[in-house]
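Asker: Quick one: the structure is below, questions incoming.
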Amino acid sequence: MLPSKHQFSGIRQFVKDKPVRFGLKLWVLACSVTGYTYDFFVYLGKKRTTLFDKSKGLGYNVVFQLIRYLFQQGYTCILFVDSFYTTAHLVKDLFENHVYFVGTMKTNSLPASLKDIKDWERVSTRGDFRWVREGDFVTVQWRDSRTVTAISSIHCGSDVGTCTRTLQGRTGWKKKCLKQPKLIYDYNQGMGGVDLSDQLLSKYSCYIRTKFHWWKVLFFHCFDIMVVNSYIIFKEYVKMFPDSVSDTVGTLGQLEFRESIIRSLLNIENAKESNVSDVCVPEFLEKRLRCSFCYGEAELFGHPLQNERTQIFCSKCQVPLCLKKDWNCFSKWHSPEHQDVRKWVHNHGRKRKLN
């Protein structure tokens, strides 16, 4: 969910059980290792959303629209999803397109031999599991604090690992090592891709609170995705070629990476190494002197000479200049329109020490 309480867009959603209840709902495909966002699109609502196969449900259409560009790319692709998307049609069609599937299942879509969950929980203990294979797919049911069922097209049902859980005994709470199917372990490890992507995006977000311009929220979110994806690629490049970058550049965080993009776009080499003396900054004098711009303009164009004196001077040009609310010679001096006055002062003006 992209947080926003805008009005009049027609695509704002309300999800009661989400941490962000109001906003734009995005369907996202992200890398489970790095958090790189491969693709996303906006949910337009029940009536506006176009489904290419309505008979197979919303979850099926969302997954195929996001992952269609990863079909038959020549490398192993494993898709991790939750129970909202898992259907028998989805698992089969993805396998035909050489995409492996790992996801949890709802109770209404379980195989017939695994539907007696309540009866099985009476005779099983925490850490027990059972599995069944149907063709190329294996379904594993594991008893933890509650029963979890997952399906996979790449695992074996008999592959088992261990996990640590804190259980209550007669003498208090103790840690105990339990059996855990390899399918469940891999699912827990690979399911955090979208969460990792959201974490990176929310760290230094460009989010703008707006009530009417809903498109700005989506535009700046797209901008955040581009920056975060660039940062992820940069970090992967540093891992692959550590000798090609300096130690300082290789340890950049996301904030420093964003600052480097800004400096590059503004053509600033390094803000910390820039010399303040190269910038025209008004500073104060200990004594009052005649304004060089007023004097030069009067002598050049024959205007009446101003008798007022100033305590302001330019740190770079080293000339005294008036700087008032209604009389700003500092701005006039540095403007291209008064270049002739500057030349006259440099050629004919009296050279003097300011301090």
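So you can find residues: chains in the structure tokens are A, B, ... in the order shown, residues in each start at 1, and ligands are numbered from 1 in order.
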Show me, as a list in words, the residues that have an atom within 12 Å of Pro19 in chain A when counting only C-alpha atoms, minus same-chain residues fewer than 5 positions from it.

Answerer: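 The contact residues come out as Met1, Leu2, Pro3 and Phe14 of chain A.
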
Asker: Any chance you can output those residues with C-alpha atoms as a PDB file, in the first residue's frame?

Answerer:
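In the end it all went to again-v1.pdb:
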```pdb
ATOM      1  CA  MET A   1       0.000   0.000   0.000  1.00  0.00           C
ATOM      2  CA  LEU A   2       1.289   3.436  -0.975  1.00  0.00           C
ATOM      3  CA  PRO A   3      -0.007   5.757   1.796  1.00  0.00           C
ATOM      4  CA  PHE A  14      -9.134   0.972   1.998  1.00  0.00           C
TER       5      PHE A  14
END
```

Asker: Can you tell me, as a VMD selection string, what residues are no more than 9 Å from Gly193 in chain A when counting only C-alpha atoms, ignoring any on the same chain fewer than 4 positions away?

Answerer: chain A and resid 29 to 37 80 197 to 198

Asker: Quick one: of A:Ala112, A:Phe71, A:Phe284, A:His338, who's nearest to Phe313 in chain A, counting only C-alpha atoms?

Answerer: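 Selected residue with least distance to Phe313 in chain A: A:Phe284.
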
Asker: Go through A:Ala88, A:Leu44, A:Leu26, A:Cys156 and flag the residue nearest Gly57 in chain A, using only C-alpha atoms for the distances.

Answerer: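 Of A:Ala88, A:Leu44, A:Leu26, A:Cys156, the one nearest Gly57 in chain A, counting only C-alpha atoms, is A:Ala88.
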
Asker: Using only C-alpha atoms, determine which residues lie at most 8 Å from range 213-228 of chain A, disregarding the query and same-chain residues fewer than 5 positions distant; provide the list as a PyMOL selection string.

Answerer: chain A and resi 4+6-7+9+36-37+200-201+205-208+254+258

Asker: Determine which residues of range 96-215 of chain A receive a DSSP assignment of strand (DSSP E), computed from the backbone, and state them as a ChimeraX atom specification.

Answerer: /A:99-104,129-134,137-143,147-152,160-169,172-181

Asker: Can you tell me, as a ChimeraX atom specification, what residues are no more than 7 Å from Leu289 in chain A when counting only C-alpha atoms, ignoring any on the same chain fewer than 4 positions away?

Answerer: /A:309-311,320

Asker: Which residues come within 12 Å of Phe301 in chain A, counting only C-alpha atoms, excluding same-chain residues fewer than 6 positions away, as a VMD selection string?

Answerer: chain A and resid 293 to 295 338 340 to 341 344

Asker: Deliver the residues from the most recent selection as a file, using all heavy atoms, as a tab-separated table (two decimals), in the first residue's frame.

Answerer:
```tsv
chain	number	residue	atom	x	y	z
A	293	PHE	N	29.69	49.69	-6.64
A	293	PHE	CA	28.72	49.71	-7.73
A	293	PHE	C	28.10	51.09	-7.89
A	293	PHE	O	27.96	51.59	-9.02
A	293	PHE	CB	27.63	48.66	-7.51
A	293	PHE	CG	26.63	48.58	-8.62
A	293	PHE	CD1	26.89	47.84	-9.76
A	293	PHE	CD2	25.43	49.28	-8.55
A	293	PHE	CE1	25.98	47.79	-10.81
A	293	PHE	CE2	24.51	49.24	-9.58
A	293	PHE	CZ	24.78	48.48	-10.71
A	294	CYS	N	27.72	51.72	-6.80
A	294	CYS	CA	27.15	53.07	-6.88
A	294	CYS	C	28.15	54.06	-7.48
A	294	CYS	O	27.80	54.89	-8.33
A	294	CYS	CB	26.71	53.54	-5.49
A	294	CYS	SG	25.36	52.60	-4.78
A	295	TYR	N	29.41	53.94	-7.04
A	295	TYR	CA	30.45	54.83	-7.53
A	295	TYR	C	30.72	54.58	-9.02
A	295	TYR	O	30.81	55.51	-9.83
A	295	TYR	CB	31.72	54.63	-6.72
A	295	TYR	CG	32.91	55.39	-7.25
A	295	TYR	CD1	33.02	56.76	-7.08
A	295	TYR	CD2	33.93	54.72	-7.93
A	295	TYR	CE1	34.12	57.47	-7.57
A	295	TYR	CE2	35.04	55.40	-8.42
A	295	TYR	CZ	35.12	56.78	-8.25
A	295	TYR	OH	36.20	57.48	-8.75
A	338	HIS	N	24.88	44.22	-15.75
A	338	HIS	CA	25.76	45.30	-15.29
A	338	HIS	C	27.22	44.91	-15.40
A	338	HIS	O	28.05	45.31	-14.59
A	338	HIS	CB	25.42	45.68	-13.85
A	338	HIS	CG	24.02	46.17	-13.68
A	338	HIS	ND1	22.96	45.33	-13.41
A	338	HIS	CD2	23.49	47.43	-13.76
A	338	HIS	CE1	21.84	46.04	-13.31
A	338	HIS	NE2	22.13	47.32	-13.53
A	340	ASP	N	29.28	45.93	-17.64
A	340	ASP	CA	30.09	47.10	-17.99
A	340	ASP	C	30.51	47.89	-16.75
A	340	ASP	O	31.61	48.45	-16.69
A	340	ASP	CB	29.32	48.01	-18.94
A	340	ASP	CG	27.91	48.29	-18.45
A	340	ASP	OD1	27.50	47.67	-17.44
A	340	ASP	OD2	27.20	49.13	-19.06
A	341	VAL	N	29.65	47.93	-15.72
A	341	VAL	CA	30.01	48.62	-14.47
A	341	VAL	C	31.15	47.90	-13.77
A	341	VAL	O	32.09	48.53	-13.27
A	341	VAL	CB	28.77	48.73	-13.56
A	341	VAL	CG1	29.15	49.41	-12.24
A	341	VAL	CG2	27.66	49.49	-14.24
A	344	TRP	N	34.41	48.66	-15.54
A	344	TRP	CA	34.90	50.02	-15.29
A	344	TRP	C	35.53	50.11	-13.91
A	344	TRP	O	36.58	50.74	-13.74
A	344	TRP	CB	33.74	51.00	-15.39
A	344	TRP	CG	34.19	52.43	-15.40
A	344	TRP	CD1	34.46	53.22	-16.47
A	344	TRP	CD2	34.46	53.23	-14.23
A	344	TRP	NE1	34.88	54.45	-16.07
A	344	TRP	CE2	34.90	54.48	-14.68
A	344	TRP	CE3	34.39	52.99	-12.86
A	344	TRP	CZ2	35.25	55.51	-13.81
A	344	TRP	CZ3	34.74	54.01	-12.00
A	344	TRP	CH2	35.16	55.25	-12.46
```

Asker: Given only C-alpha atoms as the basis, pick out the residue of A:Leu70, A:Val238, A:Ile312, A:Cys329 nearest to Gly296 in chain A.

Answerer: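 Result for the nearest residue to Gly296 in chain A: A:Cys329.
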
Asker: Which one of A:Leu94, A:Val99, A:Leu66, A:Ala150 sits closest to Asp82 in chain A if you count only C-alpha atoms?

Answerer: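 So, comparing all the options, the nearest one is A:Ala150.
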
Asker: Excluding same-chain residues fewer than 3 positions from Cys317 in chain A, what lies within 12 Å of it counting only C-alpha atoms, as number ranges by chain?

Answerer: A: 277-283, 292-293, 312-314, 320-321, 330, 333-334, 342, 345-346, 354

Asker: Considering only C-alpha atoms, can you say which of A:Tyr231, A:Glu299, A:Gln141, A:Phe8 comes closest to Gly250 in chain A?

Answerer: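 With only C-alpha atoms as the atom set, the closest residue is A:Tyr231.
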
Asker: Applying 12 Å and only C-alpha atoms, which residues near Arg146 in chain A remain after dropping the ones on its own chain fewer than 6 positions away? List them as a PyMOL selection string.

Answerer: chain A and resi 117-118+120-121+124-129

Asker: Can you tell me how far CA of Lys46 in chain A sits from CA of Gly10 in chain A, in Å to one decimal?

Answerer: 11.2 Å

Asker: Between CA of Gln318 in chain A and CA of Arg288 in chain A, what is the distance, to one decimal in Å?

Answerer: 14.1 Å

Asker: Tell me which of A:Thr49, A:Gln72, A:Thr149, A:Gln13 sits closest to Asn108 in chain A, counting only C-alpha atoms.

Answerer: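 Among the listed residues, A:Thr149 lies closest to Asn108 in chain A.
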
Asker: Among range 194-348 of chain A, which residues carry a DSSP assignment of helix (DSSP H, G or I), reported as a VMD selection string?

Answerer: chain A and resid 194 to 203 214 to 240 242 to 244 247 to 250 254 to 265 276 to 278 292 to 301 329 to 333 336 to 348
